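As provided, model.csv (CSV, N, CA and C atoms) reads as follows.
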chain,number,residue,atom,x,y,z
A,17,MET,N,0.8,-1.2,0.0
A,17,MET,CA,0.0,0.0,0.0
A,17,MET,C,0.9,1.3,0.0
A,18,ARG,N,2.0,1.3,0.8
A,18,ARG,CA,2.8,2.4,0.9
A,18,ARG,C,3.5,2.7,-0.5
A,19,VAL,N,4.0,1.6,-1.1
A,19,VAL,CA,4.6,1.7,-2.4
A,19,VAL,C,3.6,2.3,-3.5
A,20,ARG,N,2.4,1.9,-3.4
A,20,ARG,CA,1.3,2.4,-4.3
A,20,ARG,C,1.1,4.0,-4.1
A,21,ALA,N,1.1,4.4,-2.8
A,21,ALA,CA,1.0,5.8,-2.5
A,21,ALA,C,2.2,6.6,-3.0
A,22,VAL,N,3.4,6.1,-2.8
A,22,VAL,CA,4.6,6.8,-3.3
A,22,VAL,C,4.5,6.9,-4.8
A,23,LEU,N,4.1,5.8,-5.5
A,23,LEU,CA,4.0,5.9,-7.0
A,23,LEU,C,3.0,6.9,-7.4
A,24,LEU,N,1.9,6.9,-6.7
A,24,LEU,CA,0.8,7.9,-7.1
A,24,LEU,C,1.3,9.3,-6.9
A,25,VAL,N,2.1,9.6,-5.8
A,25,VAL,CA,2.6,10.9,-5.6
A,25,VAL,C,3.7,11.3,-6.7
A,26,MET,N,4.5,10.3,-7.1
A,26,MET,CA,5.5,10.5,-8.1
A,26,MET,C,4.8,10.8,-9.5
A,27,MET,N,3.8,10.0,-9.7
A,27,MET,CA,3.0,10.2,-11.0
A,27,MET,C,2.4,11.6,-11.0
A,28,ALA,N,1.8,12.0,-9.9
A,28,ALA,CA,1.2,13.4,-9.8
A,28,ALA,C,2.2,14.4,-10.0
A,29,GLY,N,3.4,14.3,-9.4
A,29,GLY,CA,4.5,15.3,-9.6
A,29,GLY,C,4.9,15.3,-11.0
A,30,ALA,N,5.1,14.2,-11.7
A,30,ALA,CA,5.5,14.1,-13.1
A,30,ALA,C,4.5,14.8,-14.0
A,31,ALA,N,3.2,14.6,-13.7
A,31,ALA,CA,2.1,15.2,-14.5
A,31,ALA,C,2.1,16.7,-14.3
A,32,LEU,N,2.4,17.2,-13.1
A,32,LEU,CA,2.4,18.6,-12.9
A,32,LEU,C,3.6,19.2,-13.6
A,33,LEU,N,4.7,18.6,-13.6
A,33,LEU,CA,5.9,19.1,-14.4
A,33,LEU,C,5.6,19.1,-15.9
A,34,LEU,N,5.0,18.0,-16.4
A,34,LEU,CA,4.7,17.9,-17.8
A,34,LEU,C,3.6,19.0,-18.2
A,35,GLY,N,2.7,19.2,-17.3
A,35,GLY,CA,1.6,20.1,-17.6
A,35,GLY,C,2.1,21.5,-17.6
A,36,ALA,N,3.2,21.8,-16.9
A,36,ALA,CA,3.8,23.2,-16.9
A,36,ALA,C,4.7,23.4,-18.1
A,37,CYS,N,5.1,22.4,-18.8
A,37,CYS,CA,6.0,22.5,-19.9
A,37,CYS,C,5.2,22.8,-21.2
A,38,ASP,N,5.9,23.4,-22.1
A,38,ASP,CA,5.3,23.7,-23.4
A,38,ASP,C,5.4,22.4,-24.3
A,39,SER,N,4.3,22.1,-24.9
A,39,SER,CA,4.3,20.8,-25.7
A,39,SER,C,4.9,21.1,-27.1
A,40,GLY,N,5.3,22.3,-27.4
A,40,GLY,CA,5.9,22.6,-28.7
A,40,GLY,C,5.0,22.5,-29.9
A,41,GLY,N,3.7,22.6,-29.6
A,41,GLY,CA,2.7,22.6,-30.7
A,41,GLY,C,2.1,21.2,-30.9
A,42,GLU,N,2.6,20.2,-30.2
A,42,GLU,CA,2.1,18.8,-30.3
A,42,GLU,C,0.9,18.6,-29.4
A,43,GLU,N,0.1,17.7,-29.7
A,43,GLU,CA,-1.1,17.4,-28.9
A,43,GLU,C,-0.5,16.6,-27.6
A,44,PRO,N,-1.0,16.9,-26.4
A,44,PRO,CA,-0.6,16.2,-25.3
A,44,PRO,C,-1.0,14.8,-25.3
A,45,ALA,N,-0.2,13.9,-24.8
A,45,ALA,CA,-0.6,12.5,-24.7
A,45,ALA,C,-1.8,12.3,-23.8
A,46,THR,N,-2.7,11.4,-24.1
A,46,THR,CA,-3.9,11.1,-23.3
A,46,THR,C,-3.5,9.9,-22.4
A,47,PRO,N,-3.6,10.1,-21.1
A,47,PRO,CA,-3.3,9.0,-20.2
A,47,PRO,C,-4.4,7.9,-20.3
A,48,ALA,N,-4.1,6.7,-20.0
A,48,ALA,CA,-5.1,5.6,-19.9
A,48,ALA,C,-6.0,5.9,-18.8
A,49,GLU,N,-7.3,5.6,-18.9
A,49,GLU,CA,-8.3,5.8,-17.9
A,49,GLU,C,-8.2,4.8,-16.8
A,50,SER,N,-8.1,5.3,-15.6
A,50,SER,CA,-8.2,4.5,-14.4
A,50,SER,C,-8.4,5.5,-13.3
A,51,SER,N,-8.8,5.0,-12.1
A,51,SER,CA,-9.1,5.9,-11.0
A,51,SER,C,-7.8,6.6,-10.6
A,52,GLU,N,-6.6,5.9,-10.6
A,52,GLU,CA,-5.4,6.6,-10.3
A,52,GLU,C,-5.0,7.7,-11.3
A,53,THR,N,-5.1,7.4,-12.6
A,53,THR,CA,-4.6,8.4,-13.5
A,53,THR,C,-5.6,9.5,-13.7
A,54,SER,N,-6.9,9.3,-13.4
A,54,SER,CA,-7.8,10.4,-13.5
A,54,SER,C,-7.6,11.4,-12.4
A,55,ALA,N,-7.1,11.0,-11.2
A,55,ALA,CA,-6.8,12.0,-10.2
A,55,ALA,C,-5.5,12.7,-10.6
A,56,THR,N,-4.6,12.1,-11.3
A,56,THR,CA,-3.4,12.7,-11.8
A,56,THR,C,-3.7,13.7,-12.9
A,57,SER,N,-4.7,13.4,-13.8
A,57,SER,CA,-5.1,14.3,-14.8
A,57,SER,C,-5.7,15.5,-14.3
A,58,GLU,N,-6.6,15.3,-13.2
A,58,GLU,CA,-7.2,16.5,-12.6
A,58,GLU,C,-6.2,17.4,-12.0
A,59,ALA,N,-5.1,16.8,-11.3
A,59,ALA,CA,-4.1,17.6,-10.8
A,59,ALA,C,-3.3,18.4,-11.9
A,60,ALA,N,-3.1,17.7,-13.0
A,60,ALA,CA,-2.4,18.4,-14.1
A,60,ALA,C,-3.2,19.5,-14.7
A,61,SER,N,-4.5,19.3,-14.8
A,61,SER,CA,-5.4,20.3,-15.3
A,61,SER,C,-5.4,21.5,-14.4
A,62,SER,N,-5.5,21.3,-13.1
A,62,SER,CA,-5.5,22.5,-12.2
A,62,SER,C,-4.2,23.2,-12.2
A,63,SER,N,-3.1,22.4,-12.4
A,63,SER,CA,-1.8,23.0,-12.5
A,63,SER,C,-1.7,23.9,-13.8
A,64,GLU,N,-2.2,23.4,-14.9
A,64,GLU,CA,-2.2,24.2,-16.1
A,64,GLU,C,-3.0,25.4,-16.0
A,65,ALA,N,-4.2,25.4,-15.3
A,65,ALA,CA,-5.0,26.6,-15.1
A,65,ALA,C,-4.2,27.6,-14.3
A,66,ALA,N,-3.6,27.1,-13.2
A,66,ALA,CA,-2.8,28.0,-12.4
A,66,ALA,C,-1.6,28.6,-13.2
A,67,THR,N,-1.0,27.8,-14.0
A,67,THR,CA,0.1,28.3,-14.8
A,67,THR,C,-0.4,29.4,-15.8
A,68,SER,N,-1.5,29.1,-16.5
A,68,SER,CA,-1.9,30.1,-17.4
A,68,SER,C,-2.4,31.4,-16.7
A,69,THR,N,-2.9,31.3,-15.6
A,69,THR,CA,-3.3,32.5,-14.8
A,69,THR,C,-2.1,33.3,-14.5
A,70,ALA,N,-1.0,32.6,-14.0
A,70,ALA,CA,0.2,33.3,-13.6
A,70,ALA,C,0.8,34.0,-14.8
A,71,VAL,N,0.8,33.3,-15.9
A,71,VAL,CA,1.4,33.9,-17.1
A,71,VAL,C,0.7,35.2,-17.6
A,72,SER,N,-0.7,35.1,-17.5
A,72,SER,CA,-1.5,36.2,-17.9
A,72,SER,C,-1.4,37.4,-17.0
A,73,THR,N,-0.9,37.2,-15.8
A,73,THR,CA,-0.9,38.4,-14.8
A,73,THR,C,0.5,38.9,-14.6
A,74,THR,N,1.5,38.4,-15.4
A,74,THR,CA,2.9,38.9,-15.2
A,74,THR,C,3.0,40.3,-15.9
A,75,THR,N,3.9,41.0,-15.4
A,75,THR,CA,4.1,42.4,-15.9
A,75,THR,C,5.4,42.5,-16.6
A,76,SER,N,5.6,43.6,-17.3
A,76,SER,CA,6.8,43.9,-18.0
A,76,SER,C,7.9,44.3,-17.0
A,77,LEU,N,9.1,44.1,-17.4
A,77,LEU,CA,10.2,44.5,-16.5
A,77,LEU,C,10.7,45.9,-16.8
A,78,ALA,N,10.0,46.6,-17.6
A,78,ALA,CA,10.3,48.0,-18.0
A,78,ALA,C,10.2,48.8,-16.7
A,79,PRO,N,11.2,49.8,-16.6
A,79,PRO,CA,11.1,50.6,-15.4
A,79,PRO,C,9.8,51.4,-15.3
A,80,VAL,N,9.3,51.6,-14.1
A,80,VAL,CA,8.1,52.4,-13.9
A,80,VAL,C,8.5,53.9,-13.8
A,81,THR,N,7.9,54.8,-14.5
A,81,THR,CA,8.2,56.2,-14.5
A,81,THR,C,7.6,56.8,-13.2
A,82,LYS,N,8.4,57.4,-12.4
A,82,LYS,CA,8.0,58.1,-11.2
A,82,LYS,C,7.3,59.4,-11.5
A,83,VAL,N,6.2,59.7,-11.0
A,83,VAL,CA,5.4,60.9,-11.3
A,83,VAL,C,5.1,61.6,-10.0
A,84,PHE,N,4.9,63.0,-10.1
A,84,PHE,CA,4.5,63.8,-9.0
A,84,PHE,C,3.1,63.6,-8.6
A,85,ASP,N,2.8,63.7,-7.3
A,85,ASP,CA,1.4,63.7,-6.8
A,85,ASP,C,0.9,65.1,-7.1
A,86,ALA,N,-0.1,65.3,-8.0
A,86,ALA,CA,-0.5,66.6,-8.4
A,86,ALA,C,-1.2,67.3,-7.2
A,87,GLU,N,-2.0,66.6,-6.5
A,87,GLU,CA,-2.7,67.3,-5.3
A,87,GLU,C,-1.7,67.8,-4.3
A,88,ALA,N,-0.7,67.0,-4.0
A,88,ALA,CA,0.3,67.4,-3.0
A,88,ALA,C,1.1,68.6,-3.5
A,89,MET,N,1.4,68.6,-4.9
A,89,MET,CA,2.2,69.7,-5.5
A,89,MET,C,1.3,70.9,-5.4
A,90,GLN,N,0.0,70.9,-5.7
A,90,GLN,CA,-0.8,72.0,-5.7
A,90,GLN,C,-0.8,72.7,-4.4
A,91,ALA,N,-0.9,71.9,-3.3
A,91,ALA,CA,-0.9,72.5,-1.9
A,91,ALA,C,0.4,73.1,-1.6
A,92,SER,N,1.5,72.4,-2.1
A,92,SER,CA,2.8,72.9,-1.8
A,92,SER,C,3.1,74.2,-2.5
A,93,VAL,N,2.7,74.3,-3.8
A,93,VAL,CA,2.9,75.5,-4.6
A,93,VAL,C,2.1,76.7,-4.0
A,94,GLN,N,0.9,76.4,-3.6
A,94,GLN,CA,0.1,77.5,-3.0
A,94,GLN,C,0.8,78.0,-1.7
A,95,GLN,N,1.3,77.1,-0.9
A,95,GLN,CA,2.0,77.5,0.3
A,95,GLN,C,3.2,78.3,0.0
A,96,ILE,N,4.0,77.9,-1.0
A,96,ILE,CA,5.2,78.6,-1.4
A,96,ILE,C,4.8,80.0,-1.9
A,97,LEU,N,3.8,80.1,-2.7
A,97,LEU,CA,3.4,81.4,-3.2
A,97,LEU,C,3.0,82.4,-2.1
A,98,THR,N,2.2,81.8,-1.1
A,98,THR,CA,1.7,82.7,-0.1
A,98,THR,C,2.7,83.0,1.1
A,99,GLN,N,3.5,82.0,1.4
A,99,GLN,CA,4.4,82.2,2.6
A,99,GLN,C,5.8,82.6,2.2
A,100,SER,N,6.3,82.0,1.1
A,100,SER,CA,7.7,82.4,0.7
A,100,SER,C,7.7,83.6,-0.1
A,101,TYR,N,6.8,83.7,-1.2
A,101,TYR,CA,6.8,84.8,-2.1
A,101,TYR,C,5.9,85.9,-1.6
A,102,ARG,N,5.1,85.7,-0.6
A,102,ARG,CA,4.2,86.6,0.0
A,102,ARG,C,3.2,87.2,-1.0
A,103,VAL,N,2.7,86.3,-1.9
A,103,VAL,CA,1.7,86.7,-2.9
A,103,VAL,C,0.4,86.7,-2.1
A,104,GLU,N,-0.4,87.8,-2.2
A,104,GLU,CA,-1.7,87.8,-1.6
A,104,GLU,C,-2.8,87.5,-2.6
A,105,GLY,N,-3.9,86.9,-2.1
A,105,GLY,CA,-5.0,86.6,-2.9
A,105,GLY,C,-4.9,85.3,-3.7
A,106,VAL,N,-4.1,84.4,-3.3
A,106,VAL,CA,-4.0,83.1,-4.0
A,106,VAL,C,-5.2,82.3,-3.7
A,107,GLU,N,-6.1,82.1,-4.7
A,107,GLU,CA,-7.3,81.4,-4.4
A,107,GLU,C,-7.2,79.9,-4.6
A,108,ARG,N,-6.5,79.4,-5.6
A,108,ARG,CA,-6.2,78.0,-5.8
A,108,ARG,C,-5.1,77.8,-6.8
A,109,VAL,N,-4.5,76.6,-6.8
A,109,VAL,CA,-3.5,76.2,-7.7
A,109,VAL,C,-3.9,74.9,-8.3
A,110,THR,N,-3.7,74.8,-9.6
A,110,THR,CA,-3.9,73.5,-10.3
A,110,THR,C,-2.6,73.1,-11.1
A,111,CYS,N,-2.2,71.9,-10.9
A,111,CYS,CA,-1.1,71.4,-11.6
A,111,CYS,C,-1.5,70.2,-12.5
A,112,PRO,N,-0.8,70.0,-13.6
A,112,PRO,CA,-1.2,68.8,-14.5
A,112,PRO,C,-0.9,67.5,-13.8
A,113,PRO,N,-1.7,66.5,-14.0
A,113,PRO,CA,-1.4,65.2,-13.3
A,113,PRO,C,-0.3,64.4,-14.1
A,114,ASP,N,0.3,63.5,-13.4
A,114,ASP,CA,1.2,62.5,-14.0
A,114,ASP,C,2.4,63.2,-14.6
A,115,GLN,N,2.9,64.2,-14.0
A,115,GLN,CA,4.2,64.8,-14.5
A,115,GLN,C,5.4,64.0,-14.0
A,116,PRO,N,6.2,63.5,-14.9
A,116,PRO,CA,7.4,62.7,-14.5
A,116,PRO,C,8.4,63.4,-13.7
A,117,VAL,N,9.0,62.7,-12.8
A,117,VAL,CA,10.1,63.2,-12.0
A,117,VAL,C,11.4,63.0,-12.8
A,118,GLU,N,11.7,64.0,-13.6
A,118,GLU,CA,12.9,63.9,-14.5
A,118,GLU,C,13.6,65.3,-14.3
A,119,VAL,N,14.9,65.2,-13.9
A,119,VAL,CA,15.7,66.3,-13.6
A,119,VAL,C,15.7,67.2,-14.9
A,120,GLY,N,15.5,68.5,-14.7
A,120,GLY,CA,15.5,69.5,-15.8
A,120,GLY,C,14.2,69.7,-16.5
A,121,LEU,N,13.2,68.8,-16.3
A,121,LEU,CA,11.9,69.0,-16.9
A,121,LEU,C,11.2,70.2,-16.3
A,122,THR,N,10.5,71.0,-17.2
A,122,THR,CA,9.7,72.1,-16.7
A,122,THR,C,8.3,71.9,-17.2
A,123,PHE,N,7.4,72.4,-16.4
A,123,PHE,CA,6.0,72.4,-16.8
A,123,PHE,C,5.3,73.5,-16.0
A,124,ASP,N,4.0,73.8,-16.3
A,124,ASP,CA,3.4,74.9,-15.7
A,124,ASP,C,2.2,74.5,-14.8
A,125,CYS,N,2.1,75.1,-13.7
A,125,CYS,CA,0.8,75.0,-12.9
A,125,CYS,C,0.1,76.3,-13.1
A,126,THR,N,-1.1,76.4,-12.8
A,126,THR,CA,-1.9,77.6,-12.9
A,126,THR,C,-2.4,78.0,-11.5
A,127,ALA,N,-2.1,79.3,-11.2
A,127,ALA,CA,-2.5,79.8,-9.9
A,127,ALA,C,-3.6,80.9,-10.2
A,128,VAL,N,-4.7,80.8,-9.5
A,128,VAL,CA,-5.7,81.9,-9.6
A,128,VAL,C,-5.4,82.9,-8.5
A,129,ILE,N,-5.0,84.1,-8.9
A,129,ILE,CA,-4.6,85.1,-7.9
A,129,ILE,C,-5.6,86.3,-8.1
A,130,ALA,N,-6.3,86.6,-7.1
A,130,ALA,CA,-7.3,87.7,-7.2
A,130,ALA,C,-8.2,87.6,-8.4
A,131,GLY,N,-8.6,86.4,-8.7
A,131,GLY,CA,-9.5,86.1,-9.8
A,131,GLY,C,-8.8,86.0,-11.2
A,132,GLU,N,-7.5,86.2,-11.3
A,132,GLU,CA,-6.8,86.1,-12.5
A,132,GLU,C,-5.9,84.9,-12.6
A,133,PRO,N,-6.0,84.1,-13.7
A,133,PRO,CA,-5.1,82.9,-13.8
A,133,PRO,C,-3.7,83.4,-14.1
A,134,LYS,N,-2.8,82.8,-13.4
A,134,LYS,CA,-1.3,83.1,-13.6
A,134,LYS,C,-0.6,81.8,-13.8
A,135,ARG,N,0.4,81.9,-14.7
A,135,ARG,CA,1.2,80.7,-15.0
A,135,ARG,C,2.4,80.7,-13.9
A,136,VAL,N,2.6,79.5,-13.4
A,136,VAL,CA,3.7,79.3,-12.4
A,136,VAL,C,4.5,78.1,-12.9
A,137,GLN,N,5.8,78.4,-13.3
A,137,GLN,CA,6.6,77.4,-13.9
A,137,GLN,C,7.3,76.6,-12.8
A,138,ILE,N,7.2,75.3,-13.0
A,138,ILE,CA,7.9,74.3,-12.1
A,138,ILE,C,9.1,73.7,-12.8
A,139,THR,N,10.2,73.6,-12.2
A,139,THR,CA,11.4,73.0,-12.7
A,139,THR,C,11.8,71.9,-11.8
A,140,VAL,N,11.9,70.7,-12.3
A,140,VAL,CA,12.4,69.5,-11.5
A,140,VAL,C,13.9,69.6,-11.3
A,141,LYS,N,14.2,69.6,-10.0
A,141,LYS,CA,15.6,69.8,-9.6
A,141,LYS,C,16.4,68.5,-9.3
A,142,SER,N,15.6,67.4,-8.8
A,142,SER,CA,16.3,66.2,-8.4
A,142,SER,C,15.3,65.0,-8.6
A,143,GLU,N,15.8,63.8,-8.6
A,143,GLU,CA,14.9,62.6,-8.6
A,143,GLU,C,14.3,62.3,-7.3
A,144,ASP,N,14.6,63.2,-6.3
A,144,ASP,CA,14.0,63.0,-5.0
A,144,ASP,C,12.8,63.9,-4.8
A,145,ASP,N,12.0,64.2,-5.8
A,145,ASP,CA,10.8,65.0,-5.8
A,145,ASP,C,11.1,66.4,-5.5
A,146,GLU,N,12.3,66.9,-5.7
A,146,GLU,CA,12.5,68.3,-5.4
A,146,GLU,C,12.3,69.1,-6.7
A,147,TYR,N,11.6,70.3,-6.5
A,147,TYR,CA,11.3,71.1,-7.7
A,147,TYR,C,11.4,72.6,-7.2
A,148,GLU,N,11.6,73.5,-8.2
A,148,GLU,CA,11.6,74.9,-8.0
A,148,GLU,C,10.3,75.5,-8.5
A,149,VAL,N,9.8,76.4,-7.7
A,149,VAL,CA,8.5,77.1,-8.1
A,149,VAL,C,8.9,78.5,-8.5
A,150,GLY,N,8.5,78.8,-9.8
A,150,GLY,CA,8.8,80.1,-10.3
A,150,GLY,C,7.8,81.1,-9.8
A,151,TYR,N,8.1,82.4,-10.0
A,151,TYR,CA,7.1,83.5,-9.6
A,151,TYR,C,6.0,83.5,-10.6
A,152,PRO,N,4.8,83.7,-10.2
A,152,PRO,CA,3.6,83.7,-11.1
A,152,PRO,C,3.7,84.8,-12.1
A,153,ARG,N,3.4,84.5,-13.4
A,153,ARG,CA,3.4,85.4,-14.5
A,153,ARG,C,2.1,85.4,-15.2
Final structure tokens representation of the file:
Amino acid sequence: MRVRAVLLVMMAGAALLLGACDSGGEEPATPAESSETSATSEAASSSEAATSTAVSTTTSLAPVTKVFDAEAMQASVQQILTQSYRVEGVERVTCPPDQPVEVGLTFDCTAVIAGEPKRVQITVKSEDDEYEVGYPR
């Protein structure tokens, strides 16, 4: 009985390994029908399903572009305008979403000051999310 259990486990392991391998375009061999091999076939089928799921959910190894958090930047720019530059009447600031953190990149936020939209240039200074806030124009 113990030898039979060991053989069954070995057959199941072999079926799992074979199920995970590419058949190279050939049709898979059909095992002979018996109660022992049908359990092995079911294990192989569930292994193939798990393998295909894992393959379909893998991602590319391309580097992910780091981007600024637009909401945090808007709050920070508004604070710099009012506290550091002492600009009065800053109503709100809007910055474009998904701006990459790339040294030297410049883009504009818009500050509404006393009802007038003004352009505020942002210059990325480091890859550590540091940027320079220009004076509103």
For the structure I just gave you, how does DSSP split region 96-148 of chain A - specifically, which residues are strand (DSSP E or B)? Reply as a list in words.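 For region 96-148 of chain A, the strand (DSSP E or B) set is Val106, Glu107, Arg108, Val109, Thr110, Pro116, Thr122, Phe123, Asp124, Cys125, Thr126, Ala127, Val128, Ile129, Glu132, Pro133, Lys134, Arg135, Val136, Gln137, Ile138, Thr139, Val140, Tyr147 and Glu148 of chain A.
Across the structure, atom N of Pro133 (chain A) and atom C of Val109 (chain A) are spaced 10.9 Å apart.
Of the residues listed (A:Asp114, A:Glu148, A:Glu143, A:Arg153), A:Glu148 shows the shortest atom-to-atom separation from Ile96 (chain A); distances use only C-alpha atoms.
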So what do you get for atom C of Pro116 (chain A) versus atom N of Lys82 (chain A), distance-wise?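 So the answer is 6.1 Å.
Of the listed residues A:Glu87, A:Asp124, A:Glu104, A:Glu118, the one whose atoms come nearest to Gly150 (chain A) is A:Asp124, with distances taken using only C-alpha atoms.
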Taking into account all atoms listed in the file, which residue in the set A:Val106, A:Leu77, A:Ile138, A:Cys111 is nearest to Met89 (chain A)?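 Ranked by minimum distance to Met89 (chain A), first place goes to A:Cys111.
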Mind pulling up the distance from CA of Ile129 (chain A) to atom C of Asp144 (chain A)?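 Pair atom C of Asp144 (chain A) / CA of Ile129 (chain A) returns 27.6 Å.
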